[in-house]
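Enquirer: Pasting a structure here, questions to come.
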Amino acid sequence: MSELLFPLWQIDAQEYQAVCAYLRLTPDARLYEHLSRYLAEAPCRFPHPVGFSRHLARPRLTGFRIGRLDPMTKLFLPGHPLRHVLNGVIALHECDPRGYRELAAAPRGWRAPIAALGWALGFVANLAVSLPWLALQWVGYAAGTAFRSADGLAGKRALITGVSRGLGRDLMLGCLERGAEVIGIVRNRESREALQAQLPAQARATLLVADLAIPGALAAALQEAQIPADSVAIAILSAGIKHDGKSVLSLPELRETFQVNLYAAVELADWLCGSASGLDVTSAAKANRDRSEAPTAAPVAATSSGDATHDRALSSTTRIVLVSSMGRWHGMHHSGGYNASKAALSIWGESLDMELRQRGNRRFTVTVVEPGIFASRMTRQTPLTRMLFVSRKKVAIRILAGALAGRSAIRPPRWFALLTWAICLIGRNNRYRIFASANPRTDR
Amino acid sequence: MNRIVVVGSGVSGAHATLTLLERGHDVELWDVGQEEPAFPMQGATFHELKDRLADPIAYFLGADLQALVPPASPELLRYPPSRGFLTSSDDSLWNFTSDSFFAYGSFAKGGLANGWGANALAFDDNDLAEWPVSFSEMEAAYKTVYKRIPVSGPIHDDLTPHLRGVYPSQTPVRLSASDQRLLKTYQRRKWSLEKLGVKIGYARLAVVTDPAQADACDYSGRCLWGCPKGSIYNPRLSTLKECETHRGFCYVAGRLVLALRSSGNKIDGIRYLDVATREIREEACDVVFLAAGALQSGAIFLRTLKAARAEAAPQTEGLMDTTVVRIPFVALPSIGQPPDARSFQFNRLIAGIVGESTQWPRYLHAELLHLTSLIYHPLIERMPFDTRTSTKLFFALKPAIGAATLFFPDRITPGNHQRVVDHGGISAKVELHYRKSEDKERFIRHSVARMRSALYRLGCIPRGIVRSPPGAGIHYAGTVPMGNGPKRCDATGRSNLFSNLYIADGAAFPSLPSKSITMSLAAHATRVARMAEL
């Protein structure tokens with residue numbers, strides 16, 4: 001398994017080697033594959049770690065960390081992911097002939113009680129080191145408490161568009177890792193099948209097919225799947241489209257870009273907020289079916305309530321998250337109107353927030369996300385962009401944390417936002433020179 | 001000729017059927033009849049399998065690692081998917097619901113006996129105190145059953161006076177080196193242990209040990225994973241095979257009986273689910289023997305009662321299960337000793353906590369087990385150290401690690417029963433209601449304290465208590481118990497409500513003694529089949 005779906009639970013090959021070294025076992029690639037698959041199911045099977053336990057689970061496992069975390073999680077944090085890692089490694093290696101021989105090698109005769117005494121003393125010595133280490137970790141955790149948002153997604157329902165790849169996929173995995181049930185929107189049947197193959201069998205995710213380029217398709221798919229709007233705790237419009245290299249005068253591409261990047265958000269918010277949309281949902285649903293040529297709903301695994309069509313507990317608050325772009329602050333040639341659509345989305349998001357506030361509607365919060373540069377399909381791989389890349393998973397984590405905290409705008413990374421604003425202040429001519437050198441392509 | 005149908009192919013069903021065939025009747029045995037796959041590599045020991053199997057992970061833990069016990073789980077063991085005889089709420093055919101009783105069942109040919117612990121004891125008069133049947137009335141059936149089932153055990157030891165009705169025909173199962181040390185310590189300190197009322201002896205096991213016999217135990221240490229030689233008694237391999245030698249025997253697989261059709265005080269038909277087509281069907285019959293296990297038999301009786309007597313409350317008179325408490329220990333004299341290369345995986349020793357003659361039950365059954373072969377990660381995770389220290393300590397101490405397992409009796413108690421839900425018709429689900437009683441808890445605390453004292457005197461350090469949740473004892477009984485009333489049966493197992501319905505399994509037990517239940521299930525089924533008016 002090359003990619004770790006849930007880094008909080010899964011360990012990479014180097015970490016596995018560190019665990020084996022700690023347990024005096026020989027690493028085995030076949031056993032690591034089994035372990036990876038088992039741990040990929042963990043977020044769907046076991047309670048997700050919260051608070052201090054989660055804080056301790058984030059950093060990579062090294063020999064030193066394992067040595068400290070092993071006794072500490074055993075004594076104080078029994079549900080910590082490391083307990084599952086160590087237990088899984090022991091279980092797999094004891095069923096393997098070489099692993100069992102390594103585990104079962106033990107002193108005999110009078111050496112046995114002496115060795116046992118030595119190990120017990122070693123355990124006490126480990127405690128003498130690990131307890132102060134844990135205290136130090138706690139201080140670090142407590143100091144950062146004021147800056148952390150509540151991790152309140154467990155058992156809730158998240159609706160995310162554009163989950164087949166990129167940021168949308170990472171947002172979905174982030175929600176699943178936090179114990180949420182995800183309604184994921186993908187563009188077509190092929191994307192759905194590819195994603196289903198990647199997700200663990202027990203993942204609490206239902207994938208719906210809706211082509212956002214078709215007006216009304218999103219609302220129609222949700223309606224057809226009988227998803228109650230008031231069961232959604234967080235709705236993230238992550239799907240986006242960019243016709244790179246296309247002129248801003250190319251009307252078909254411009255229309256499609258605005259439909260996916262802006263009007264789909266309007267449709268989603270309309271469905272969530274329950275006001276009349278005026279759209280012919282029936283014909284839109286038919287169009288959507290015709291395009292996808294497949295049933296629209298496909299649960300990856302049975303959810304706690306059976307499937308996605310069953311009612312869940314109503315969500316008291318719904319977070320609407322609109323994924324815009326830092327590109328909304330400036331124009332861009334040959335982007336097919338992408339920057340214009342994102343500018344419209346950001347401004348429309350703020351307008352929606354104002355309207356809801358004016359009506360006294362406290363049920364919804366609107367968060368506009370304007371991510372800077374990070375690894376995505378839409379970002380060209382150049383030496384400069386590679387240097388400026390922000391991990392997409394980190395961006396996803398920040399978006400979820402910020403949205404749950406009810407923040408109105410999130411712009412990761414901050415330095416990139418400052419850079420963008422600085423560029424906006426230097427005048428159009430200078431901006432043009434910078435962007436033209438970074439993006440010299442013309443119409444394809 | 002009467003059409004006689006026996007429902008269920010477990011120990012009760014097999015012995016009822018064989019007895020009826022021996023009486024000269026034609027018998028149909030209806031069963032879901034799932035088949036277990038063959039056990040691989042006869043002769044290889046548990047640990048040798050890891051070397052010899054192409055995919056030992058899949059065999060021991062399952063392809064999806066279903067048998068990997070997560071940390072902080074109360075389970076000490078999970079059967080791997082390769083052993084499919086056990087079923088519970090995951091199975092689509094499972095028709096019970098409960099949040100307080102964790103029940104198991106089996107749709108396999110041979111029933112739960114495919115995975116029993118092989119301890120073969122009989123109930124004596126003290127055990128049968130609440131039954132309308134005495135030991136002398138059961139004795140003939142016990143003798144028949146002990147002829148059918150070869151049992152290994154000593155001719156005489158300290159437990160013999162308390163184990164009336166047990167007739168071993170095979171030499172005892174070989175003890176492990178740790179067992180031998182424990183038994184020697186017991187002999188030395190017997191006077192001290194007798195003050196506690198604790199006696200220890202060889203286990204009486206339904207295991208063929210005579211090396212002259214082809215199915216003799218080869219001590220491969222794989223009992224729990226399915227004995228590849230068939231040394232442990234299994235009705236599928238012996239009693240049902242014997243039934244097949246009778247011309248009047250007909251085994252009908254693929255039927256899950258849901259309810260019986262009645263007319264007046266007679267049963268005249270059986271309603272069942274055709275497992276292949278998932279259709280509910282009905283067939284006429286003249287006499288029915290319910291032997292589907294206490295839970296299923298109780299459920300069938302309840303659905304029948306609900307259809308026949310709408311005014312009767314749709315709940316059983318009782319629901320009983322053995323409470324199982326394990327006390328892990330480390331036997332100090334066995335620390336550092338080499339492990340046995342080959343051994344019997346289940347307990348080779350048993351213990352009895354003997355109380356006053358007026359007490360019920362006077363004899364509390366316990367099994368003493370030293371670890372020989374098992375999947376160890378749940379035990380390692382339970383140790384109070386970090387994983388690295390626990391692993392090293394565990395394997396250094398393994399020959400000395402053991403567990404005393406105590407089996408606590410049960411009585412019919414108000415509030416503990418099965419109840420059929422209102423909806424669902426003849427396939428309606430059945431709720432299992434069970435709660436602990438304070439009397440029983442006191443008895444458990446007192447007995448555990450005595451066993452812990454006994455372990456100290458045997459040179460063992462007990463540590464902690466592992467208690468299975470209600471239902472995990474898998475000794476279910478008392479859902480249509482002997483006694484007076486329409487929801488009970490008489491002393492011959494005949495229903496008080498339907499004159500041609502016989503309760504041939506543990507559903508008829510009016511109390512559940514501590515001793516292992518299986519031989520008594522066989523004896524009761526044999527007696528019911530013998531006394532039935534056909």
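Ordered as shown in the structure tokens, chains take letters A, B, and onward, while each chain numbers its residues from 1 and ligands are numbered from 1 in the order shown.
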With only C-alpha atoms as the counted atoms, please give the residues lying no more than 7 Å from B:Val173, apart from itself and same-chain residues fewer than 6 positions off, as a list of chain:residue names.

Expert: B:Ser152, B:Thr209, B:Arg348

Enquirer: Which residues come within 12 Å of stretch 113-129 of chain A, counting only C-alpha atoms, excluding same-chain residues fewer than 3 positions away, as a VMD selection string?

Expert: (chain A and resid 64 to 75 106 to 110 132 to 136) or (chain B and resid 332 to 337 384 to 398 400)

Enquirer: Can I get the selected residues back with N, CA and C atoms, as a short mmCIF file (atom, residue, chain, number, x, y, z; two decimals), in the first residue's frame?

Expert:
```
data_model
loop_
_atom_site.label_atom_id
_atom_site.label_comp_id
_atom_site.auth_asym_id
_atom_site.auth_seq_id
_atom_site.Cartn_x
_atom_site.Cartn_y
_atom_site.Cartn_z
N PHE A 64 12.58 6.29 19.58
CA PHE A 64 12.44 6.96 20.88
C PHE A 64 10.97 7.14 21.24
N ARG A 65 10.18 7.62 20.29
CA ARG A 65 8.75 7.86 20.56
C ARG A 65 8.03 6.56 20.90
N ILE A 66 8.37 5.48 20.16
CA ILE A 66 7.71 4.20 20.43
C ILE A 66 8.03 3.75 21.86
N GLY A 67 9.32 3.88 22.22
CA GLY A 67 9.73 3.47 23.57
C GLY A 67 9.00 4.24 24.65
N ARG A 68 8.66 5.49 24.40
CA ARG A 68 7.95 6.29 25.41
C ARG A 68 6.44 6.03 25.34
N LEU A 69 5.94 6.00 24.11
CA LEU A 69 4.49 5.88 23.95
C LEU A 69 3.97 4.50 24.37
N ASP A 70 4.77 3.47 24.18
CA ASP A 70 4.29 2.12 24.48
C ASP A 70 3.82 2.01 25.94
N PRO A 71 4.69 2.28 26.93
CA PRO A 71 4.19 2.16 28.32
C PRO A 71 3.13 3.21 28.66
N MET A 72 3.28 4.41 28.10
CA MET A 72 2.34 5.48 28.47
C MET A 72 0.93 5.22 27.93
N THR A 73 0.85 4.74 26.69
CA THR A 73 -0.48 4.44 26.15
C THR A 73 -1.07 3.22 26.84
N LYS A 74 -0.22 2.29 27.21
CA LYS A 74 -0.73 1.10 27.92
C LYS A 74 -1.34 1.50 29.25
N LEU A 75 -0.68 2.42 29.95
CA LEU A 75 -1.15 2.78 31.29
C LEU A 75 -2.26 3.84 31.26
N ALA A 106 13.06 -17.52 24.33
CA ALA A 106 13.04 -17.06 25.72
C ALA A 106 14.05 -17.87 26.52
N PRO A 107 14.62 -17.25 27.54
CA PRO A 107 15.56 -17.99 28.38
C PRO A 107 14.87 -19.12 29.15
N ARG A 108 15.59 -20.17 29.41
CA ARG A 108 15.03 -21.32 30.14
C ARG A 108 15.81 -21.55 31.44
N GLY A 109 15.24 -22.37 32.27
CA GLY A 109 15.89 -22.74 33.53
C GLY A 109 16.02 -21.54 34.45
N TRP A 110 17.12 -21.48 35.19
CA TRP A 110 17.29 -20.42 36.19
C TRP A 110 17.43 -19.04 35.55
N PRO A 132 8.17 11.68 32.75
CA PRO A 132 8.51 13.11 32.52
C PRO A 132 8.30 13.51 31.06
N TRP A 133 8.60 12.60 30.15
CA TRP A 133 8.40 12.90 28.72
C TRP A 133 6.93 13.16 28.45
N LEU A 134 6.08 12.32 29.03
CA LEU A 134 4.64 12.50 28.82
C LEU A 134 4.17 13.82 29.41
N ALA A 135 4.73 14.15 30.59
CA ALA A 135 4.36 15.42 31.23
C ALA A 135 4.73 16.59 30.31
N LEU A 136 5.91 16.49 29.70
CA LEU A 136 6.36 17.53 28.78
C LEU A 136 5.42 17.65 27.58
N LEU B 332 4.53 -20.89 39.82
CA LEU B 332 5.95 -20.59 40.06
C LEU B 332 6.88 -21.77 39.76
N PRO B 333 6.52 -23.01 40.12
CA PRO B 333 7.45 -24.11 39.85
C PRO B 333 7.69 -24.35 38.36
N SER B 334 6.83 -23.84 37.50
CA SER B 334 6.98 -24.11 36.06
C SER B 334 7.71 -23.00 35.32
N ILE B 335 8.11 -21.95 36.03
CA ILE B 335 8.83 -20.85 35.36
C ILE B 335 10.17 -21.37 34.84
N GLY B 336 10.45 -21.09 33.60
CA GLY B 336 11.73 -21.48 33.00
C GLY B 336 11.74 -22.88 32.44
N GLN B 337 10.67 -23.62 32.62
CA GLN B 337 10.62 -24.98 32.08
C GLN B 337 10.37 -24.94 30.57
N PRO B 384 0.18 -6.24 32.29
CA PRO B 384 0.18 -4.84 32.77
C PRO B 384 1.46 -4.08 32.45
N PHE B 385 2.18 -4.50 31.44
CA PHE B 385 3.43 -3.80 31.07
C PHE B 385 3.32 -3.28 29.65
N ASP B 386 4.37 -2.58 29.19
CA ASP B 386 4.40 -2.18 27.79
C ASP B 386 4.55 -3.43 26.93
N THR B 387 4.30 -3.28 25.63
CA THR B 387 4.24 -4.46 24.76
C THR B 387 5.57 -5.20 24.72
N ARG B 388 6.66 -4.46 24.67
CA ARG B 388 7.96 -5.15 24.57
C ARG B 388 8.23 -5.99 25.82
N THR B 389 8.03 -5.40 26.99
CA THR B 389 8.23 -6.14 28.24
C THR B 389 7.23 -7.29 28.34
N SER B 390 5.98 -7.02 28.00
CA SER B 390 4.94 -8.05 28.10
C SER B 390 5.28 -9.25 27.22
N THR B 391 5.75 -8.97 26.00
CA THR B 391 6.05 -10.07 25.07
C THR B 391 7.17 -10.95 25.62
N LYS B 392 8.23 -10.31 26.08
CA LYS B 392 9.36 -11.08 26.61
C LYS B 392 8.93 -11.88 27.84
N LEU B 393 8.22 -11.21 28.74
CA LEU B 393 7.78 -11.89 29.96
C LEU B 393 6.84 -13.05 29.64
N PHE B 394 5.94 -12.78 28.70
CA PHE B 394 4.95 -13.80 28.38
C PHE B 394 5.62 -15.09 27.90
N PHE B 395 6.53 -14.95 26.96
CA PHE B 395 7.13 -16.17 26.41
C PHE B 395 8.10 -16.83 27.39
N ALA B 396 8.70 -16.03 28.28
CA ALA B 396 9.55 -16.64 29.31
C ALA B 396 8.70 -17.41 30.32
N LEU B 397 7.51 -16.88 30.59
CA LEU B 397 6.65 -17.49 31.61
C LEU B 397 5.63 -18.45 31.02
N LYS B 398 5.55 -18.56 29.70
CA LYS B 398 4.43 -19.27 29.07
C LYS B 398 4.16 -20.66 29.66
N ALA B 400 4.41 -21.61 32.44
CA ALA B 400 3.88 -21.46 33.79
C ALA B 400 2.54 -20.74 33.82
#
```

Enquirer: Mind listing the helix (DSSP H, G or I) residues of stretch 328-425 of chain A, per DSSP on the backbone, as a PyMOL selection string?

Expert: chain A and resi 328-329+338-358+383-388+392-404+414-425

Enquirer: A:Ser437: which residues within 12 Å, counting only C-alpha atoms, same-chain residues fewer than 5 positions away excluded, as a ChimeraX atom specification?

Expert: /A:333,384,430-432

Enquirer: Leaving out A:Gln198 and any residue of its chain fewer than 4 positions from it, which residues lie within 9 Å of it when counting only C-alpha atoms, given as a count of residues only?

Expert: 3

Enquirer: Between atom CA of A:Gly152 and atom CA of A:Arg178, measure the distance and give it in Å to one decimal.

Expert: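 Going from atom CA of A:Gly152 over to atom CA of A:Arg178 covers 8.1 Å.
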
Enquirer: Could you state the separation of atom CA of B:Ala284 and atom CA of B:Ala312 in Å, given to one decimal place?

Expert: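 Taking atom CA of B:Ala284 and atom CA of B:Ala312, their separation equals 24.6 Å.
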
Enquirer: Could you name the residues that touch stretch 351-358 of chain A at 9 Å or less, counting only C-alpha atoms, but leaving out those on the same chain fewer than 6 positions away, as a VMD selection string?

Expert: chain A and resid 269 364 to 367 408

Enquirer: Using only C-alpha atoms, determine which residues lie at most 12 Å from B:Ser92, disregarding the query and same-chain residues fewer than 5 positions distant; provide the list as JSON, numbers by chain.

Expert: {"B": [87, 107, 256, 275, 278, 429]}

Enquirer: Can you pull out every residue within 8 Å of B:Leu258, counting only C-alpha atoms, but drop anything in the same chain fewer than 5 positions away, and send it as a PyMOL selection string?

Expert: chain B and resi 270-273+299-300+303+426-427

Enquirer: Export C-alpha atoms of the chosen residues as a JSON list (two decimals), in the first residue's frame?

Expert:
```
[["chain", "number", "residue", "atom", "x", "y", "z"],
["B", 270, "ILE", "CA", -43.76, -27.64, 10.62],
["B", 271, "ARG", "CA", -43.09, -24.19, 9.17],
["B", 272, "TYR", "CA", -39.56, -23.70, 8.04],
["B", 273, "LEU", "CA", -37.33, -21.42, 6.03],
["B", 299, "ALA", "CA", -37.94, -19.59, 19.87],
["B", 300, "ILE", "CA", -39.79, -22.26, 17.86],
["B", 303, "ARG", "CA", -43.80, -18.71, 17.84],
["B", 426, "ILE", "CA", -43.72, -16.83, 12.06],
["B", 427, "SER", "CA", -40.23, -15.53, 11.37]]
```

Enquirer: Taking the DSSP secondary structure from the backbone, can you list the residues of stretch 159-405 of chain B that are strand (DSSP E), as a ChimeraX atom specification?

Expert: /B:198-202,249-252,255-263,266-274,279-284,287-290,323-331,349-354,363-370,401-405

Enquirer: Taking only C-alpha atoms into account, which of B:His377, B:Arg52, B:Arg78, B:His156 comes nearest chain A?

Expert: B:His377

Enquirer: Out of B:Ala310, B:Leu183, B:Ala253, B:Leu53, which residue has the shortest atom-to-atom distance to chain A when counting only C-alpha atoms?

Expert: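 Of B:Ala310, B:Leu183, B:Ala253, B:Leu53, the one nearest chain A, counting only C-alpha atoms, is B:Leu53.
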